[in-house]
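Following: one structure in structure tokens, then a few remarks.
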Amino acid sequence: MKYHMRRSEREITDWAVMEDILNKGKYATIGLCRRNEPYIVTLSYGYESTARSLYFHCAKHGLKSEFLAENPVVAATVIQDLGYIQSKCKQRYRSVVIRGEIEILTIEAEKQKGIDILLNHLEENPDIVRAAACHTPEQFRDVQIWRLKIGEITGKEGE
Ligand SMILES: Cc1cc2nc3c(=O)[nH]c(=O)nc-3n(C[C@H](O)[C@H](O)[C@H](O)COP(=O)(O)OP(=O)(O)OC[C@H]3O[C@@H](n4cnc5c(N)ncnc54)[C@H](O)[C@@H]3O)c2cc1C
């Protein structure tokens, strides 16, 4: 059940504004949990509007992968830092909180699509990285692509 926002006047309900935050953001902080143990990790992402999904790239091994193997249900946040207001102890921001499940993509075509979305989102000239980093079958095999499909999203702005 969706929890109501206490400061409801700050809630962003317009999907276009939430998408704007996702389109402008470069990285998300993801909260993971296994057996009552929390872990957070920040990863760069690419956003795809039609699938309402965020794509991430990472190595196959490491702590975040071990958490994900045990529990794919996550919460994530993307923050637009619009500046701290001195002498008011206030932060200007827009942010979203997402809840959903992360899927590790294994089908080659899906992985390739994820890489393309990621590079198109992050890079001014995606072909430079495409040629250098995702060129050989080994490079392609060793990179893991995660897809976070947005289950629920809330938006909020401050000041
Ligand atoms: C803005 C930003 C963008 C990033 N983009 C990517 C990306 O696209 N892909 C990617 O793989 N990684 C990215 N990183 C690095 C990422 O945050 C992790 O450090 C990395 O993915 C390894 O995570 P892991 O859980 O596998 O760590 P492991 O190598 O298994 O190490 C786990 C241990 O290291 C600590 N640790 C892990 N990461 C951090 C961290 N960032 N800061 C402090 N302590 C840490 C943990 O607390 C834990 O004790 C990014 C980091 C930042 C800040």
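Starting from 1 in every chain, residues are counted up; chains themselves are A, B, ... following the order of the structure tokens, and ligands are numbered from 1 as listed.
Inspection of the environment of ligand 1, which uses only C-alpha atoms and all ligand atoms and a cut-off of 8 Å, identifies the neighbouring residues as A:Lys26, A:Tyr27, A:Ala28, A:Tyr39, A:Ile40, A:Val41, A:Thr42, A:Leu43, A:Ser44, A:Tyr45, A:Phe56, A:His57, A:Cys58, A:Ala59, A:His61, A:Gly62, A:Leu63, A:Lys64, A:Ser65.
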Write out as a list in words the residues lying within 12 Å of A:Gly31, counting only C-alpha atoms and excluding same-chain residues fewer than 5 positions away. Glu37, Pro38, Tyr39, Ile40, Val41, Thr42, Leu43, Lys64, Phe67, Leu68, Asn71, Pro72, Val73, Val74, Ala75, Ala76, Thr77, Val78, Val97, Ile98, Arg99, Gly100, Glu101 and Ile102 of chain A
Name the residues of chain A that come out as helix (DSSP H, G or I) in a backbone DSSP run; write them as a PyMOL selection string. chain A and resi 8-10+15-24+63-70+108-122+126-133+137-142
Residues from the last selection, N, CA and C atoms, saved as a CSV table (one decimal), in the first residue's frame:
```csv
chain,number,residue,atom,x,y,z
A,8,SER,N,2.5,17.0,1.5
A,8,SER,CA,1.9,16.7,0.2
A,8,SER,C,2.0,17.9,-0.8
A,9,GLU,N,2.2,19.1,-0.3
A,9,GLU,CA,2.3,20.3,-1.2
A,9,GLU,C,3.6,20.2,-1.9
A,10,ARG,N,4.5,19.3,-1.5
A,10,ARG,CA,5.8,19.2,-2.2
A,10,ARG,C,5.8,18.0,-3.1
A,15,TRP,N,3.7,13.0,-14.2
A,15,TRP,CA,4.6,12.0,-14.7
A,15,TRP,C,5.7,12.6,-15.6
A,16,ALA,N,5.4,13.7,-16.3
A,16,ALA,CA,6.3,14.3,-17.2
A,16,ALA,C,7.5,15.0,-16.4
A,17,VAL,N,7.1,15.5,-15.2
A,17,VAL,CA,8.2,16.1,-14.4
A,17,VAL,C,9.1,15.0,-13.8
A,18,MET,N,8.5,13.9,-13.4
A,18,MET,CA,9.3,12.8,-12.8
A,18,MET,C,10.2,12.2,-13.9
A,19,GLU,N,9.7,12.1,-15.2
A,19,GLU,CA,10.5,11.7,-16.3
A,19,GLU,C,11.6,12.6,-16.6
A,20,ASP,N,11.3,13.9,-16.4
A,20,ASP,CA,12.4,14.9,-16.6
A,20,ASP,C,13.5,14.7,-15.6
A,21,ILE,N,13.2,14.4,-14.4
A,21,ILE,CA,14.2,14.2,-13.4
A,21,ILE,C,15.0,12.9,-13.8
A,22,LEU,N,14.3,11.9,-14.3
A,22,LEU,CA,15.1,10.7,-14.7
A,22,LEU,C,15.9,10.9,-15.9
A,23,ASN,N,15.4,11.7,-16.9
A,23,ASN,CA,16.1,12.0,-18.1
A,23,ASN,C,17.4,12.8,-17.8
A,24,LYS,N,17.3,13.7,-16.9
A,24,LYS,CA,18.4,14.6,-16.6
A,24,LYS,C,19.4,14.0,-15.6
A,63,LEU,N,29.7,-7.2,-3.9
A,63,LEU,CA,28.7,-7.3,-2.8
A,63,LEU,C,27.3,-7.0,-3.4
A,64,LYS,N,27.2,-6.0,-4.2
A,64,LYS,CA,25.8,-5.7,-4.7
A,64,LYS,C,25.2,-6.9,-5.5
A,65,SER,N,26.0,-7.6,-6.2
A,65,SER,CA,25.5,-8.7,-7.0
A,65,SER,C,25.1,-9.9,-6.0
A,66,GLU,N,25.8,-10.0,-4.9
A,66,GLU,CA,25.4,-11.0,-3.9
A,66,GLU,C,24.1,-10.7,-3.3
A,67,PHE,N,23.9,-9.4,-3.0
A,67,PHE,CA,22.6,-9.0,-2.4
A,67,PHE,C,21.5,-9.2,-3.4
A,68,LEU,N,21.7,-8.8,-4.7
A,68,LEU,CA,20.7,-9.0,-5.7
A,68,LEU,C,20.3,-10.4,-5.9
A,69,ALA,N,21.3,-11.3,-5.9
A,69,ALA,CA,21.0,-12.7,-6.1
A,69,ALA,C,20.0,-13.2,-5.0
A,70,GLU,N,20.1,-12.7,-3.8
A,70,GLU,CA,19.2,-13.1,-2.7
A,70,GLU,C,17.9,-12.4,-2.8
A,108,GLU,N,21.3,-11.9,-25.2
A,108,GLU,CA,22.3,-11.0,-25.8
A,108,GLU,C,21.6,-9.8,-26.4
A,109,ALA,N,20.5,-9.9,-27.1
A,109,ALA,CA,19.9,-8.8,-27.7
A,109,ALA,C,19.4,-7.8,-26.7
A,110,GLU,N,18.9,-8.3,-25.6
A,110,GLU,CA,18.4,-7.4,-24.5
A,110,GLU,C,19.6,-6.7,-23.9
A,111,LYS,N,20.7,-7.4,-23.7
A,111,LYS,CA,21.9,-6.8,-23.1
A,111,LYS,C,22.4,-5.7,-24.0
A,112,GLN,N,22.4,-6.0,-25.3
A,112,GLN,CA,22.9,-5.0,-26.2
A,112,GLN,C,22.0,-3.7,-26.2
A,113,LYS,N,20.7,-4.0,-26.1
A,113,LYS,CA,19.7,-2.8,-26.1
A,113,LYS,C,20.0,-2.0,-24.8
A,114,GLY,N,20.2,-2.7,-23.7
A,114,GLY,CA,20.5,-2.0,-22.4
A,114,GLY,C,21.7,-1.2,-22.5
A,115,ILE,N,22.8,-1.7,-23.1
A,115,ILE,CA,24.0,-1.0,-23.3
A,115,ILE,C,23.8,0.3,-24.1
A,116,ASP,N,23.0,0.1,-25.2
A,116,ASP,CA,22.8,1.2,-26.1
A,116,ASP,C,22.0,2.3,-25.4
A,117,ILE,N,21.0,1.9,-24.6
A,117,ILE,CA,20.2,2.9,-23.8
A,117,ILE,C,21.1,3.7,-22.8
A,118,LEU,N,21.9,2.9,-22.2
A,118,LEU,CA,22.8,3.5,-21.2
A,118,LEU,C,23.8,4.5,-21.8
A,119,LEU,N,24.4,4.1,-22.9
A,119,LEU,CA,25.4,4.9,-23.5
A,119,LEU,C,24.7,6.2,-24.1
A,120,ASN,N,23.6,6.0,-24.7
A,120,ASN,CA,22.9,7.1,-25.3
A,120,ASN,C,22.4,8.1,-24.3
A,121,HIS,N,22.1,7.6,-23.1
A,121,HIS,CA,21.7,8.5,-22.0
A,121,HIS,C,22.9,9.3,-21.4
A,122,LEU,N,24.0,8.5,-21.2
A,122,LEU,CA,25.1,9.1,-20.5
A,122,LEU,C,26.2,9.9,-21.3
A,126,PRO,N,28.2,8.5,-27.9
A,126,PRO,CA,28.2,7.1,-27.4
A,126,PRO,C,29.1,6.2,-28.2
A,127,ASP,N,29.4,6.5,-29.5
A,127,ASP,CA,30.2,5.6,-30.3
A,127,ASP,C,31.6,5.4,-29.8
A,128,ILE,N,32.1,6.5,-29.1
A,128,ILE,CA,33.5,6.4,-28.6
A,128,ILE,C,33.6,5.2,-27.6
A,129,VAL,N,32.7,5.2,-26.6
A,129,VAL,CA,32.7,4.1,-25.6
A,129,VAL,C,32.3,2.8,-26.2
A,130,ARG,N,31.3,2.8,-27.1
A,130,ARG,CA,30.9,1.6,-27.8
A,130,ARG,C,32.0,0.9,-28.5
A,131,ALA,N,32.9,1.7,-29.1
A,131,ALA,CA,34.0,1.1,-29.9
A,131,ALA,C,35.1,0.6,-28.9
A,132,ALA,N,35.3,1.3,-27.8
A,132,ALA,CA,36.4,1.0,-26.9
A,132,ALA,C,36.0,-0.1,-25.9
A,133,ALA,N,34.8,-0.1,-25.4
A,133,ALA,CA,34.5,-0.9,-24.2
A,133,ALA,C,33.6,-2.1,-24.5
A,137,PRO,N,33.7,-10.0,-27.9
A,137,PRO,CA,32.8,-10.9,-27.2
A,137,PRO,C,33.1,-11.0,-25.7
A,138,GLU,N,34.4,-11.0,-25.4
A,138,GLU,CA,34.8,-11.1,-24.0
A,138,GLU,C,34.3,-9.9,-23.2
A,139,GLN,N,34.5,-8.7,-23.7
A,139,GLN,CA,34.1,-7.5,-23.0
A,139,GLN,C,32.6,-7.5,-22.8
A,140,PHE,N,31.9,-8.0,-23.8
A,140,PHE,CA,30.4,-8.0,-23.8
A,140,PHE,C,30.0,-9.0,-22.7
A,141,ARG,N,30.7,-10.2,-22.7
A,141,ARG,CA,30.3,-11.3,-21.8
A,141,ARG,C,30.5,-10.8,-20.3
A,142,ASP,N,31.6,-10.1,-20.1
A,142,ASP,CA,32.0,-9.8,-18.7
A,142,ASP,C,31.2,-8.7,-18.1
```
Find the residues around A:Gly83 up to 8 Å (only C-alpha atoms counted), leave out those fewer than 5 positions away in its own chain, and share them as a PyMOL selection string. chain A and resi 91-93
Point-to-point distance from atom CA of A:Leu148 to atom CA of A:Thr106, Å rounded to tenths: 14.1 Å
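The residue that comes closest to A:Glu123, out of A:Thr154, A:Met5, A:Gly46, A:Asp14 and on the basis of only C-alpha atoms, is A:Gly46.
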May I ask for the distance between atom CA of A:Val96 and atom CA of A:Gly155, given in Å to one decimal place? 4.3 Å
Closest to A:Ser53 among A:Lys156, A:Arg94, A:Lys149, A:Lys2, using only C-alpha atoms?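 Checking each of A:Lys156, A:Arg94, A:Lys149, A:Lys2 against A:Ser53, counting only C-alpha atoms, the winner is A:Lys149.
Between atom CA of A:Arg7 and atom CA of A:Glu48 lies a distance of 29.3 Å.
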